[in-house]
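Here is the file input30.txt (compact mmCIF, C-alpha atoms).
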# COMPACT_ATOMS: atom_id res chain seq x y z
CA MET A 1 -217.07 -13.41 -15.82
CA ALA A 2 -217.48 -9.64 -16.10
CA ARG A 3 -216.63 -9.87 -19.82
CA TYR A 4 -219.11 -12.73 -20.17
CA GLN A 5 -221.78 -10.49 -18.63
CA ARG A 6 -220.90 -7.81 -21.20
CA ALA A 7 -221.40 -10.45 -23.96
CA ASP A 8 -217.75 -10.53 -25.06
CA PRO A 9 -217.77 -13.66 -27.33
CA ALA A 10 -214.25 -14.70 -26.26
CA ALA A 11 -215.16 -14.80 -22.56
CA PRO A 12 -217.60 -17.75 -22.44
CA ALA A 13 -215.34 -19.83 -24.68
CA ALA A 14 -212.41 -19.22 -22.35
CA LEU A 15 -214.52 -19.93 -19.26
CA VAL A 16 -215.88 -23.17 -20.67
CA LYS A 17 -212.37 -24.32 -21.53
CA LEU A 18 -210.98 -23.32 -18.14
CA LEU A 19 -213.72 -24.58 -15.82
CA SER A 20 -215.17 -27.59 -17.63
CA PRO A 21 -212.43 -30.11 -16.71
CA GLN A 22 -212.81 -29.17 -13.05
CA LEU A 23 -216.61 -29.35 -13.20
CA TYR A 24 -216.42 -32.64 -15.05
CA ARG A 25 -214.30 -34.04 -12.23
CA PHE A 26 -216.91 -32.85 -9.76
CA PHE A 27 -219.71 -34.60 -11.66
CA ALA A 28 -217.74 -37.71 -12.57
CA GLY A 29 -216.46 -38.02 -9.02
CA PRO A 30 -217.30 -40.93 -6.77
CA MET A 31 -220.08 -43.10 -8.18
CA GLY A 32 -220.62 -40.88 -11.22
CA SER A 33 -220.75 -42.26 -14.73
CA LYS A 34 -219.19 -40.66 -17.81
CA THR A 35 -222.54 -40.19 -19.54
CA ASP A 36 -224.11 -38.61 -16.46
CA ALA A 37 -221.11 -36.32 -16.04
CA GLU A 38 -221.41 -35.14 -19.65
CA ASP A 39 -225.13 -34.47 -19.22
CA MET A 40 -224.53 -32.57 -16.00
CA LEU A 41 -221.72 -30.55 -17.56
CA GLN A 42 -224.06 -29.43 -20.31
CA ASP A 43 -226.80 -28.67 -17.78
CA VAL A 44 -224.53 -26.64 -15.52
CA TRP A 45 -223.42 -24.39 -18.38
CA LEU A 46 -227.03 -23.87 -19.37
CA ARG A 47 -227.81 -22.72 -15.82
CA ILE A 48 -224.66 -20.63 -15.53
CA HIS A 49 -225.69 -18.89 -18.74
CA ARG A 50 -229.20 -18.31 -17.43
CA VAL A 51 -228.14 -16.82 -14.09
CA ARG A 52 -224.91 -15.09 -15.19
CA HIS A 53 -226.37 -11.74 -14.09
CA THR A 54 -226.19 -12.92 -10.44
CA TYR A 55 -222.40 -13.03 -10.45
CA ARG A 56 -221.06 -9.88 -8.82
CA PRO A 57 -217.75 -8.73 -10.33
CA GLY A 58 -214.97 -8.91 -7.76
CA GLU A 59 -216.44 -11.90 -5.94
CA PRO A 60 -214.72 -15.31 -6.22
CA VAL A 61 -215.95 -17.24 -9.28
CA LEU A 62 -215.42 -20.82 -8.10
CA PRO A 63 -217.92 -20.81 -5.19
CA TRP A 64 -220.50 -19.20 -7.50
CA VAL A 65 -219.97 -21.85 -10.17
CA TYR A 66 -219.85 -24.74 -7.72
CA ALA A 67 -223.02 -23.65 -5.93
CA ILE A 68 -224.79 -23.96 -9.30
CA ALA A 69 -223.00 -27.24 -10.06
CA ARG A 70 -224.09 -28.62 -6.72
CA ARG A 71 -227.72 -27.86 -7.55
CA VAL A 72 -227.31 -29.62 -10.91
CA ARG A 73 -225.90 -32.67 -9.15
CA VAL A 74 -228.79 -32.74 -6.67
CA ASP A 75 -231.30 -32.54 -9.54
CA ASP A 76 -229.50 -35.26 -11.47
CA TYR A 77 -229.44 -37.51 -8.42
CA ARG A 78 -233.17 -37.02 -7.90
CA LYS A 79 -233.88 -37.64 -11.58
CA ARG A 80 -231.89 -40.86 -11.58
CA HIS A 81 -233.53 -41.91 -8.33
CA ARG A 82 -236.99 -41.34 -9.86
CA ILE A 83 -236.08 -43.30 -12.97
CA ALA A 84 -234.49 -46.10 -10.95
CA SER A 85 -237.58 -46.44 -8.78
CA ARG A 86 -239.60 -47.24 -11.91
CA GLU A 87 -237.11 -49.63 -13.47
CA THR A 88 -236.85 -53.30 -12.62
CA GLY A 89 -233.35 -53.95 -13.93
CA VAL A 90 -230.85 -53.26 -16.70
CA ASP A 91 -228.91 -55.63 -18.88
CA VAL A 92 -225.94 -53.36 -19.39
CA LEU A 93 -224.53 -51.25 -16.61
CA PRO A 94 -223.78 -47.61 -17.47
CA GLU A 95 -220.25 -46.91 -18.60
CA THR A 96 -218.21 -45.59 -15.71
CA TRP A 97 -214.95 -43.75 -15.93
CA VAL A 98 -213.52 -45.80 -13.08
CA ASN A 99 -210.88 -48.30 -14.12
CA LYS A 100 -209.39 -50.16 -11.24
CA ASP A 101 -205.66 -49.76 -11.28
CA GLU A 102 -204.38 -53.30 -11.01
CA ARG A 103 -200.94 -52.13 -9.98
CA SER A 104 -202.18 -50.24 -6.97
CA CYS A 105 -202.37 -52.13 -3.70
CA LEU A 106 -204.55 -49.47 -2.08
CA PRO A 107 -208.23 -49.27 -2.91
CA ARG A 108 -209.00 -46.39 -5.23
CA PHE A 109 -210.14 -43.04 -3.88
CA GLU A 110 -213.57 -43.31 -5.52
CA GLU A 111 -214.25 -46.73 -4.04
CA LEU A 112 -213.68 -45.58 -0.48
CA VAL A 113 -215.27 -42.15 -0.85
CA ALA A 114 -218.40 -43.82 -2.22
CA ALA A 115 -218.90 -45.31 1.25
CA LEU A 116 -219.16 -41.86 2.86
CA PRO A 117 -222.48 -40.09 3.52
CA GLU A 118 -223.46 -37.70 0.71
CA SER A 119 -222.64 -34.48 2.57
CA GLN A 120 -219.15 -35.71 3.56
CA ARG A 121 -218.51 -37.11 0.09
CA GLU A 122 -219.42 -33.76 -1.44
CA VAL A 123 -217.01 -31.88 0.83
CA VAL A 124 -214.13 -34.31 0.22
CA THR A 125 -214.76 -34.24 -3.55
CA MET A 126 -214.73 -30.45 -3.66
CA LEU A 127 -211.60 -30.27 -1.50
CA LYS A 128 -209.54 -33.08 -2.97
CA VAL A 129 -210.85 -33.67 -6.50
CA ASP A 130 -211.66 -30.10 -7.48
CA GLY A 131 -209.02 -28.42 -5.34
CA LEU A 132 -211.32 -25.85 -3.71
CA SER A 133 -210.31 -24.23 -0.42
CA ILE A 134 -212.37 -24.74 2.76
CA GLU A 135 -213.71 -21.18 2.45
CA GLU A 136 -214.77 -21.82 -1.18
CA VAL A 137 -216.46 -25.10 -0.24
CA ALA A 138 -218.33 -23.31 2.58
CA ARG A 139 -219.62 -20.69 0.13
CA ALA A 140 -220.51 -23.24 -2.55
CA THR A 141 -222.48 -25.38 -0.11
CA SER A 142 -224.17 -22.41 1.67
CA SER A 143 -222.48 -23.59 4.81
CA THR A 144 -219.98 -22.26 7.33
CA VAL A 145 -216.23 -22.85 7.44
CA GLY A 146 -216.62 -24.64 10.78
CA ALA A 147 -219.26 -27.00 9.38
CA VAL A 148 -217.08 -27.83 6.37
CA LYS A 149 -214.07 -28.55 8.61
CA GLN A 150 -216.24 -30.80 10.76
CA LYS A 151 -217.55 -32.73 7.75
CA ALA A 152 -214.02 -33.08 6.35
CA HIS A 153 -212.74 -34.32 9.72
CA ARG A 154 -215.52 -36.92 9.96
CA ALA A 155 -214.89 -38.01 6.38
CA TYR A 156 -211.14 -38.41 6.95
CA GLU A 157 -211.74 -40.37 10.13
CA ARG A 158 -214.09 -42.69 8.26
CA LEU A 159 -211.59 -43.07 5.41
CA ARG A 160 -208.81 -43.89 7.88
CA LYS A 161 -211.01 -46.62 9.38
CA LEU A 162 -211.88 -47.98 5.94
CA LEU A 163 -208.21 -47.97 4.96
CA GLU A 164 -207.35 -49.92 8.11
CA GLN A 165 -209.81 -52.61 7.03
CA THR A 166 -208.14 -53.15 3.65
CA PRO A 167 -206.23 -56.45 3.25
CA MET A 168 -203.02 -54.56 2.61
CA ALA A 169 -203.23 -52.66 5.91
CA GLN A 170 -204.10 -55.83 7.79
CA THR A 171 -201.12 -57.65 6.29
CA ALA A 172 -198.86 -54.73 7.18
CA ARG A 173 -200.13 -54.79 10.77
CA LYS A 174 -199.56 -58.55 11.05
CA GLY A 175 -196.03 -58.08 9.70
CA ALA A 176 -195.33 -55.36 12.24
CA THR A 177 -196.49 -57.48 15.19
CA GLN A 178 -194.45 -60.55 14.17
CA MET B 1 -198.94 -33.09 15.75
CA THR B 2 -202.03 -35.33 16.02
CA CYS B 3 -204.15 -37.04 13.35
CA ARG B 4 -206.83 -34.37 14.01
CA ASP B 5 -204.27 -31.60 13.31
CA MET B 6 -203.41 -33.40 10.08
CA ASP B 7 -206.99 -33.07 8.81
CA GLY B 8 -206.66 -29.34 8.13
CA MET B 9 -203.36 -30.03 6.41
CA ILE B 10 -204.88 -32.77 4.25
CA SER B 11 -207.76 -30.46 3.23
CA SER B 12 -205.41 -27.76 1.98
CA HIS B 13 -202.58 -29.95 0.68
CA SER B 14 -202.24 -30.59 -3.05
CA GLY B 15 -200.20 -33.47 -4.39
CA ASP B 16 -197.31 -31.35 -5.63
CA SER B 17 -196.85 -29.08 -2.58
CA LEU B 18 -194.45 -29.75 0.29
CA LEU B 19 -195.58 -30.72 3.77
CA SER B 20 -194.53 -28.74 6.84
CA PRO B 21 -191.72 -30.41 8.88
CA GLU B 22 -194.17 -31.28 11.71
CA ALA B 23 -196.65 -32.81 9.28
CA ALA B 24 -193.90 -34.74 7.50
CA GLU B 25 -192.69 -36.08 10.84
CA HIS B 26 -196.22 -37.19 11.75
CA ILE B 27 -196.73 -38.87 8.36
CA VAL B 28 -193.53 -40.91 8.82
CA GLY B 29 -194.75 -42.31 12.13
CA CYS B 30 -198.47 -42.67 11.40
CA GLU B 31 -199.56 -45.37 8.98
CA ARG B 32 -203.21 -44.21 9.06
CA CYS B 33 -202.43 -40.66 7.94
CA ARG B 34 -199.86 -41.88 5.41
CA SER B 35 -202.43 -44.14 3.71
CA LEU B 36 -205.03 -41.37 3.78
CA MET B 37 -202.62 -38.84 2.22
CA ARG B 38 -201.70 -41.31 -0.52
CA LEU B 39 -205.39 -42.00 -1.15
CA VAL B 40 -206.52 -38.38 -1.43
CA ASP B 41 -203.52 -37.36 -3.53
CA GLU B 42 -204.61 -39.74 -6.28
CA ALA B 43 -208.10 -38.18 -6.26
CA ARG B 44 -207.55 -35.89 -9.24
CA GLU B 45 -206.81 -38.66 -11.74
CA ILE B 46 -210.09 -38.34 -13.62
CA PRO B 47 -210.32 -37.93 -17.42
CA ALA B 48 -211.34 -34.61 -18.96
CA PRO B 49 -214.51 -33.95 -20.99
CA SER B 50 -214.31 -34.40 -24.76
CA GLU B 51 -213.36 -31.49 -27.01
CA ILE B 52 -216.51 -32.06 -29.08
CA GLN B 53 -218.69 -31.54 -26.04
CA LEU B 54 -216.84 -28.38 -25.03
CA LYS B 55 -217.28 -27.00 -28.56
CA ARG B 56 -221.00 -27.80 -28.44
CA ILE B 57 -221.38 -25.97 -25.10
CA GLN B 58 -219.38 -22.99 -26.35
CA SER B 59 -221.43 -22.66 -29.53
CA GLY B 60 -224.66 -23.06 -27.53
CA ILE B 61 -223.68 -20.17 -25.27
CA LEU B 62 -222.53 -17.97 -28.16
CA LYS B 63 -225.86 -18.48 -29.93
CA ASN B 64 -227.73 -16.92 -26.98
CA LEU B 65 -225.13 -14.42 -25.83
CA LYS B 66 -226.57 -11.04 -24.84
CA PRO B 67 -225.22 -8.47 -22.39
CA VAL B 68 -226.73 -8.65 -18.90
CA ARG B 69 -226.67 -6.17 -16.04
CA PRO B 70 -225.21 -7.64 -12.83
CA LEU B 71 -227.58 -7.97 -9.90
CA PRO B 72 -227.67 -4.82 -7.71
CA PRO B 73 -225.69 -4.99 -4.45
CA SER B 74 -227.21 -6.87 -1.50
CA ARG B 75 -227.74 -3.62 0.44
CA ILE B 76 -230.34 -2.52 -2.13
CA PHE B 77 -232.32 -5.71 -1.53
CA LEU B 78 -231.87 -5.41 2.23
CA PHE B 79 -233.20 -1.88 2.07
CA ALA B 80 -236.19 -3.07 0.02
CA PHE B 81 -236.92 -5.87 2.51
CA ALA B 82 -236.67 -3.44 5.45
CA LEU B 83 -238.90 -0.92 3.70
CA ILE B 84 -241.58 -3.54 3.02
CA PHE B 85 -241.36 -4.79 6.62
CA VAL B 86 -241.70 -1.34 8.20
CA SER B 87 -244.40 -0.18 5.77
CA VAL B 88 -246.63 -3.22 6.22
CA VAL B 89 -246.27 -3.16 10.02
CA ALA B 90 -247.09 0.57 9.98
CA VAL B 91 -250.18 -0.03 7.83
CA GLY B 92 -251.24 -2.89 10.12
CA THR B 93 -250.81 -0.71 13.19
CA LEU B 94 -252.87 2.08 11.64
CA MET B 95 -255.63 -0.28 10.57
CA LEU B 96 -255.85 -2.44 13.72
CA GLY B 97 -254.67 -0.11 16.50
CA ILE B 98 -252.08 -0.37 19.26
CA ASN B 99 -254.03 -2.11 22.03
CA GLY B 100 -251.35 -4.76 22.41
CA TRP B 101 -248.47 -2.30 22.67
CA SER B 102 -250.28 -0.49 25.53
CA VAL B 103 -250.72 -3.61 27.69
CA LEU B 104 -247.20 -5.05 27.22
CA SER B 105 -244.72 -4.48 30.05
CA MET B 106 -241.35 -2.89 29.26
CA GLU B 107 -239.57 -6.29 29.59
CA GLN B 108 -242.07 -7.94 27.27
CA LYS B 109 -241.73 -5.15 24.70
CA ILE B 110 -237.94 -5.38 24.76
CA ALA B 111 -237.80 -9.19 24.64
CA ILE B 112 -240.43 -9.65 21.92
CA PHE B 113 -239.51 -6.78 19.62
CA ALA B 114 -235.75 -7.28 19.98
CA THR B 115 -236.19 -10.96 19.02
CA LEU B 116 -238.49 -10.03 16.14
CA SER B 117 -236.06 -7.39 14.85
CA ALA B 118 -233.03 -9.69 15.14
CA SER B 119 -234.94 -12.48 13.39
CA ALA B 120 -236.03 -10.13 10.60
CA VAL B 121 -232.44 -8.91 10.06
CA LEU B 122 -231.09 -12.48 9.93
CA LEU B 123 -233.79 -13.69 7.53
CA ALA B 124 -233.38 -10.64 5.29
CA LEU B 125 -229.61 -11.25 5.12
CA SER B 126 -230.19 -14.93 4.41
CA MET B 127 -232.62 -14.12 1.57
CA ALA B 128 -230.30 -11.54 0.02
CA ARG B 129 -227.42 -14.02 0.13
CA GLN B 130 -229.44 -16.91 -1.23
CA MET B 131 -230.17 -14.81 -4.32
CA VAL B 132 -226.49 -15.00 -5.26
CA PRO B 133 -224.96 -18.49 -5.54
CA GLY B 134 -221.78 -19.03 -3.56
CA SER B 135 -222.46 -16.30 -1.01
CA LYS B 136 -221.03 -16.43 2.48
CA HIS B 137 -223.56 -17.55 5.13
CA ALA B 138 -223.08 -16.97 8.85
CA VAL B 139 -225.89 -19.44 9.60
CA SER B 140 -226.95 -22.21 7.24
CA PRO B 141 -230.13 -21.19 5.32
CA ALA B 142 -231.64 -24.57 6.19
CA THR B 143 -231.14 -24.08 9.93
CA LEU B 144 -232.09 -20.41 10.25
CA PRO B 145 -235.91 -20.52 9.81
CA ILE B 146 -236.15 -23.45 12.25
CA ALA B 147 -233.87 -21.73 14.78
CA ILE B 148 -235.96 -18.56 14.57
CA LEU B 149 -239.20 -20.47 15.12
CA VAL B 150 -237.73 -22.21 18.18
CA VAL B 151 -236.21 -19.03 19.67
CA LEU B 152 -239.45 -17.09 19.24
CA MET B 153 -241.43 -19.89 20.84
CA LEU B 154 -239.06 -19.95 23.82
CA VAL B 155 -239.13 -16.16 24.23
CA ILE B 156 -242.93 -16.11 24.13
CA ALA B 157 -243.13 -19.00 26.60
CA ALA B 158 -240.70 -17.23 28.95
CA MET B 159 -242.28 -13.77 28.78
CA PHE B 160 -246.02 -14.52 29.05
CA ARG B 161 -248.19 -16.39 31.56
CA SER B 162 -251.20 -18.61 31.29
CA GLU B 163 -254.49 -16.70 31.73
CA GLU B 164 -258.17 -17.60 31.76
CA GLU B 165 -259.59 -17.23 28.24
CA PRO B 166 -263.19 -18.29 27.59
CA ALA B 167 -263.30 -17.79 23.79
CA PHE B 168 -259.89 -19.31 23.03
CA VAL B 169 -260.67 -20.52 19.53
CA ALA B 170 -262.93 -17.63 18.43
CA ASN B 171 -260.39 -15.00 19.56
CA GLY B 172 -257.55 -17.00 18.12
CA LEU B 173 -259.10 -17.44 14.69
CA MET B 174 -259.58 -13.69 14.45
CA CYS B 175 -255.91 -13.11 15.36
CA ILE B 176 -254.52 -15.68 12.96
CA ARG B 177 -256.68 -14.29 10.17
CA ASN B 178 -255.42 -10.76 10.89
CA GLY B 179 -251.81 -11.96 10.96
CA LEU B 180 -252.06 -13.93 7.72
CA GLU B 181 -253.84 -11.03 5.99
CA TYR B 182 -250.64 -9.03 6.40
CA SER B 183 -248.21 -11.91 5.93
CA LEU B 184 -249.31 -13.68 2.79
CA PRO B 185 -249.64 -10.67 0.42
CA THR B 186 -246.23 -9.46 1.64
CA ALA B 187 -244.73 -12.85 0.81
CA LEU B 188 -245.74 -12.25 -2.82
CA LEU B 189 -243.85 -8.94 -2.82
CA PHE B 190 -240.75 -10.70 -1.48
CA TRP B 191 -241.09 -13.42 -4.08
CA MET B 192 -241.09 -10.81 -6.85
CA LEU B 193 -237.84 -9.38 -5.49
CA LEU B 194 -236.25 -12.78 -4.94
CA ARG B 195 -236.99 -13.90 -8.49
CA ARG B 196 -234.42 -11.41 -9.73
CA GLY B 197 -231.68 -13.57 -8.23
CA ALA B 198 -230.70 -17.19 -8.84
CA ILE B 199 -232.97 -19.33 -6.73
CA LEU B 200 -231.04 -22.58 -6.47
CA PHE B 201 -233.00 -24.12 -3.62
CA PRO B 202 -236.57 -22.74 -3.89
CA LYS B 203 -237.82 -24.55 -0.77
CA LEU B 204 -235.12 -22.96 1.40
CA ILE B 205 -235.65 -19.46 0.07
CA GLY B 206 -239.42 -20.05 0.29
CA ALA B 207 -239.08 -20.93 3.98
CA ALA B 208 -237.02 -17.77 4.57
CA ALA B 209 -239.45 -15.53 2.65
CA GLY B 210 -242.44 -17.16 4.37
CA GLY B 211 -240.77 -16.79 7.77
CA PHE B 212 -239.96 -13.15 7.08
CA SER B 213 -243.53 -12.34 6.06
CA GLY B 214 -244.72 -14.33 9.10
CA LEU B 215 -242.62 -12.02 11.28
CA ILE B 216 -244.53 -9.08 9.80
CA GLY B 217 -247.83 -10.72 10.75
CA LEU B 218 -246.56 -11.49 14.25
CA SER B 219 -245.31 -7.92 14.72
CA VAL B 220 -248.71 -6.53 13.67
CA LEU B 221 -250.44 -8.89 16.12
CA GLU B 222 -248.11 -8.09 19.01
CA ILE B 223 -248.81 -4.37 18.53
CA ASN B 224 -252.55 -4.87 18.07
CA CYS B 225 -253.71 -7.80 20.24
CA SER B 226 -254.18 -7.13 23.95
CA ASN B 227 -254.55 -10.81 24.87
CA LEU B 228 -251.53 -11.78 27.03
CA ASN B 229 -252.42 -15.45 27.51
CA VAL B 230 -249.28 -17.43 26.67
CA TYR B 231 -251.27 -20.19 24.92
CA HIS B 232 -253.12 -17.65 22.79
CA ILE B 233 -249.84 -16.10 21.67
CA LEU B 234 -248.13 -19.44 21.13
CA VAL B 235 -250.94 -20.97 19.09
CA TRP B 236 -252.48 -18.04 17.20
CA HIS B 237 -249.65 -15.49 16.94
CA TRP B 238 -246.62 -17.76 16.61
CA GLY B 239 -248.77 -19.97 14.37
CA VAL B 240 -248.74 -17.17 11.78
CA ILE B 241 -244.99 -17.61 11.28
CA LEU B 242 -245.32 -21.38 11.18
CA ILE B 243 -248.09 -21.26 8.56
CA ALA B 244 -246.30 -18.60 6.50
CA SER B 245 -243.03 -20.59 6.58
CA LEU B 246 -244.77 -23.81 5.55
CA ALA B 247 -246.61 -21.93 2.80
CA GLY B 248 -243.22 -20.63 1.61
CA VAL B 249 -241.84 -24.16 1.49
CA ALA B 250 -244.92 -25.31 -0.46
CA VAL B 251 -244.53 -22.47 -2.98
CA GLY B 252 -240.82 -23.33 -3.25
CA ALA B 253 -241.67 -26.97 -3.96
CA ALA B 254 -244.11 -25.88 -6.67
CA VAL B 255 -241.46 -23.61 -8.23
CA GLU B 256 -238.95 -26.47 -8.17
CA TYR B 257 -241.45 -28.70 -9.94
CA ILE B 258 -242.12 -26.08 -12.62
CA ASP B 259 -238.37 -25.45 -13.07
CA ARG B 260 -237.77 -29.15 -13.61
CA TYR B 261 -240.21 -29.19 -16.50
CA ARG B 262 -238.74 -26.00 -17.96
CA ASP B 263 -235.22 -27.44 -17.77
CA GLN B 264 -236.30 -30.59 -19.59
CA LYS B 265 -237.41 -28.45 -22.54
CA ASN B 266 -234.31 -26.21 -22.64
CA SER B 267 -230.88 -27.36 -23.74
CA PHE B 268 -228.08 -26.02 -25.85
Is it possible to give me this structure as structure tokens?
Amino acid sequence: MARYQRADPAAPAALVKLLSPQLYRFFAGPMGSKTDAEDMLQDVWLRIHRVRHTYRPGEPVLPWVYAIARRVRVDDYRKRHRIASRETGVDVLPETWVNKDERSCLPRFEELVAALPESQREVVTMLKVDGLSIEEVARATSSTVGAVKQKAHRAYERLRKLLEQTPMAQTARKGATQ
Amino acid sequence: MTCRDMDGMISSHSGDSLLSPEAAEHIVGCERCRSLMRLVDEAREIPAPSEIQLKRIQSGILKNLKPVRPLPPSRIFLFAFALIFVSVVAVGTLMLGINGWSVLSMEQKIAIFATLSASAVLLALSMARQMVPGSKHAVSPATLPIAILVVLMLVIAAMFRSEEEPAFVANGLMCIRNGLEYSLPTALLFWMLLRRGAILFPKLIGAAAGGFSGLIGLSVLEINCSNLNVYHILVWHWGVILIASLAGVAVGAAVEYIDRYRDQKNSF
């Protein structure tokens, strides 16, 4: 990042290559479509470029990047919400990256996480999809470590309940009682 | 180990790392945690962005690449905020007088000015941190302005008593006008400083800047106004912070709206 601030041409290329897959996962996470994720990825780099002077060398990069990415996702959500409120229907659904794995007996992560409230979904996505630490998630969401832990706990509890309601879990329970 | 203890483990565990013996033992016996672990471990199986897109982003950045100077340290901004606060309150005191200070009891002075100072420090820290994305926050920036408004209201309600006041509205309008005369221009100064950072959530930073400038107005009024009626202070003095905070949110909303249009025009 410091080299990027000094306009070293190799630095942004390396950063884009290093961080884009992770950011793409964040945008394409639960309920996201491939096209939306690509748009948001482009948007986040535009904003990172615009506010690169606000990164302080020595500080962790990921919370800085994810705080900007989070803002991009909020804006995208609002934009889509505005557009959707004016539309009456679509013939073709947007292309999503989700392909249900027929071999898996468990529901997919995205399907269950989509049922969580937005704030819990965001925390679980950052922790489990993007691999951020609790401290990094707290910084990226302008929150405290305690609040992030609480949201994660509530999300996991909800996921456990949802998992218990899956046909596979119910069959397993019946088998255990017989 | 309980399911609750497992939550911290699940948050920090990555698919390829080993579990602690206690966690492994719990997983063996607990179907709920086992299913959850399996579910979250498959979370990273998402495709990567296309190479063409990455190349387009890289070339877009390289086209506009210029050296930038990193933002000065937070302490510089904190110093600037403190300087503005003290200077404006000093000017207000010189212009309006210290009638209020003279009639306040020692307990009232301590309670009111300690709360005002603590609130100012917290809001200044919050503003300085909101300028830099990914900063550590001790209190959520969304909660802080509301918490400060509530605490100040409670302190005022606890420290002052109801008194007879014949010209409640006329006196009050004069006070609120005096308070806002010092608050609103100061908010513009703060905005100029804050614009140097990355304002990700303009409404939040607007509420903090408005609240901070409202504290200046309230401080000026507490030093100047000799009216100790609790309702006068709650409506016309505390109202300055409320109005300034709401004005900050409104300015933030306007900035957000303008930014949205600007972003639609810009792209790599």
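Comparing the minimum interatomic distances between chain A and each of B:Gly172, B:Gly29, B:Pro72, B:Gly252, counting all atoms listed in the file, we find that B:Pro72 sits nearest.
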Produce a table with one row for each residue of chain B that has an atom at most 7 Å from any atom of chain A, each row naming the nearest atom pair and its distance in Å at one decimal; use all atoms listed in the file; arrange rows by chain and rising residue number; format as JSON lines.
{"residue": "B:Asp7", "atom": "CA", "partner": "A:His153", "partner_atom": "CA", "distance": 6.0}
{"residue": "B:Ser11", "atom": "CA", "partner": "A:Leu127", "partner_atom": "CA", "distance": 6.1}
{"residue": "B:Ser12", "atom": "CA", "partner": "A:Ser133", "partner_atom": "CA", "distance": 6.5}
{"residue": "B:Arg32", "atom": "CA", "partner": "A:Arg160", "partner_atom": "CA", "distance": 5.7}
{"residue": "B:Leu36", "atom": "CA", "partner": "A:Arg160", "partner_atom": "CA", "distance": 6.1}
{"residue": "B:Leu39", "atom": "CA", "partner": "A:Phe109", "partner_atom": "CA", "distance": 5.6}
{"residue": "B:Val40", "atom": "CA", "partner": "A:Lys128", "partner_atom": "CA", "distance": 6.3}
{"residue": "B:Glu42", "atom": "CA", "partner": "A:Phe109", "partner_atom": "CA", "distance": 6.9}
{"residue": "B:Ala43", "atom": "CA", "partner": "A:Val129", "partner_atom": "CA", "distance": 5.3}
{"residue": "B:Arg44", "atom": "CA", "partner": "A:Val129", "partner_atom": "CA", "distance": 4.8}
{"residue": "B:Ile46", "atom": "CA", "partner": "A:Arg25", "partner_atom": "CA", "distance": 6.2}
{"residue": "B:Ala48", "atom": "CA", "partner": "A:Pro21", "partner_atom": "CA", "distance": 5.1}
{"residue": "B:Pro49", "atom": "CA", "partner": "A:Pro21", "partner_atom": "CA", "distance": 6.1}
{"residue": "B:Leu54", "atom": "CA", "partner": "A:Val16", "partner_atom": "CA", "distance": 6.9}
{"residue": "B:Ile57", "atom": "CA", "partner": "A:Gln42", "partner_atom": "CA", "distance": 6.5}
{"residue": "B:Gln58", "atom": "CA", "partner": "A:Ala13", "partner_atom": "CA", "distance": 5.4}
{"residue": "B:Ile61", "atom": "CA", "partner": "A:His49", "partner_atom": "CA", "distance": 7.0}
{"residue": "B:Leu62", "atom": "CA", "partner": "A:Pro9", "partner_atom": "CA", "distance": 6.5}
{"residue": "B:Leu65", "atom": "CA", "partner": "A:Ala7", "partner_atom": "CA", "distance": 5.8}
{"residue": "B:Lys66", "atom": "CA", "partner": "A:Ala7", "partner_atom": "CA", "distance": 5.3}
{"residue": "B:Pro67", "atom": "CA", "partner": "A:Arg6", "partner_atom": "CA", "distance": 4.5}
{"residue": "B:Val68", "atom": "CA", "partner": "A:Gln5", "partner_atom": "CA", "distance": 5.3}
{"residue": "B:Arg69", "atom": "CA", "partner": "A:His53", "partner_atom": "CA", "distance": 5.9}
{"residue": "B:Pro70", "atom": "CA", "partner": "A:His53", "partner_atom": "CA", "distance": 4.4}
{"residue": "B:Leu71", "atom": "CA", "partner": "A:Thr54", "partner_atom": "CA", "distance": 5.2}
{"residue": "B:Val132", "atom": "CA", "partner": "A:Thr54", "partner_atom": "CA", "distance": 5.6}
{"residue": "B:Pro133", "atom": "CA", "partner": "A:Trp64", "partner_atom": "CA", "distance": 4.9}
{"residue": "B:Gly134", "atom": "CA", "partner": "A:Trp64", "partner_atom": "CA", "distance": 4.1}
{"residue": "B:Ser135", "atom": "CA", "partner": "A:Arg139", "partner_atom": "CA", "distance": 5.4}
{"residue": "B:Lys136", "atom": "CA", "partner": "A:Arg139", "partner_atom": "CA", "distance": 5.1}
{"residue": "B:His137", "atom": "CA", "partner": "A:Ser142", "partner_atom": "CA", "distance": 6.0}
{"residue": "B:Ala138", "atom": "CA", "partner": "A:Thr144", "partner_atom": "CA", "distance": 6.3}
{"residue": "B:Val139", "atom": "CA", "partner": "A:Thr144", "partner_atom": "CA", "distance": 6.9}
{"residue": "B:Ser140", "atom": "CA", "partner": "A:Ser143", "partner_atom": "CA", "distance": 5.3}
{"residue": "B:Gly197", "atom": "CA", "partner": "A:Thr54", "partner_atom": "CA", "distance": 6.0}
{"residue": "B:Ala198", "atom": "CA", "partner": "A:Val51", "partner_atom": "CA", "distance": 5.9}
{"residue": "B:Leu200", "atom": "CA", "partner": "A:Arg71", "partner_atom": "CA", "distance": 6.3}
{"residue": "B:Ser267", "atom": "CA", "partner": "A:Leu46", "partner_atom": "CA", "distance": 6.8}
{"residue": "B:Phe268", "atom": "CA", "partner": "A:Leu46", "partner_atom": "CA", "distance": 6.9}
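Proximity to Thr186 (chain B) at 8 Å, evaluated using only C-alpha atoms and with sequence-adjacent residues fewer than 6 positions away removed, yields Ile84, Val88 and Ser213 of chain B.
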Leaving out region 176-183 of chain B and any residue of its chain fewer than 3 positions from it, which residues lie within 8 Å of it when counting all atoms listed in the file, given as a PyMOL selection string? chain B and resi 88+92+172-173+186-187+210+213-218+220-221+236-237+239-240+244
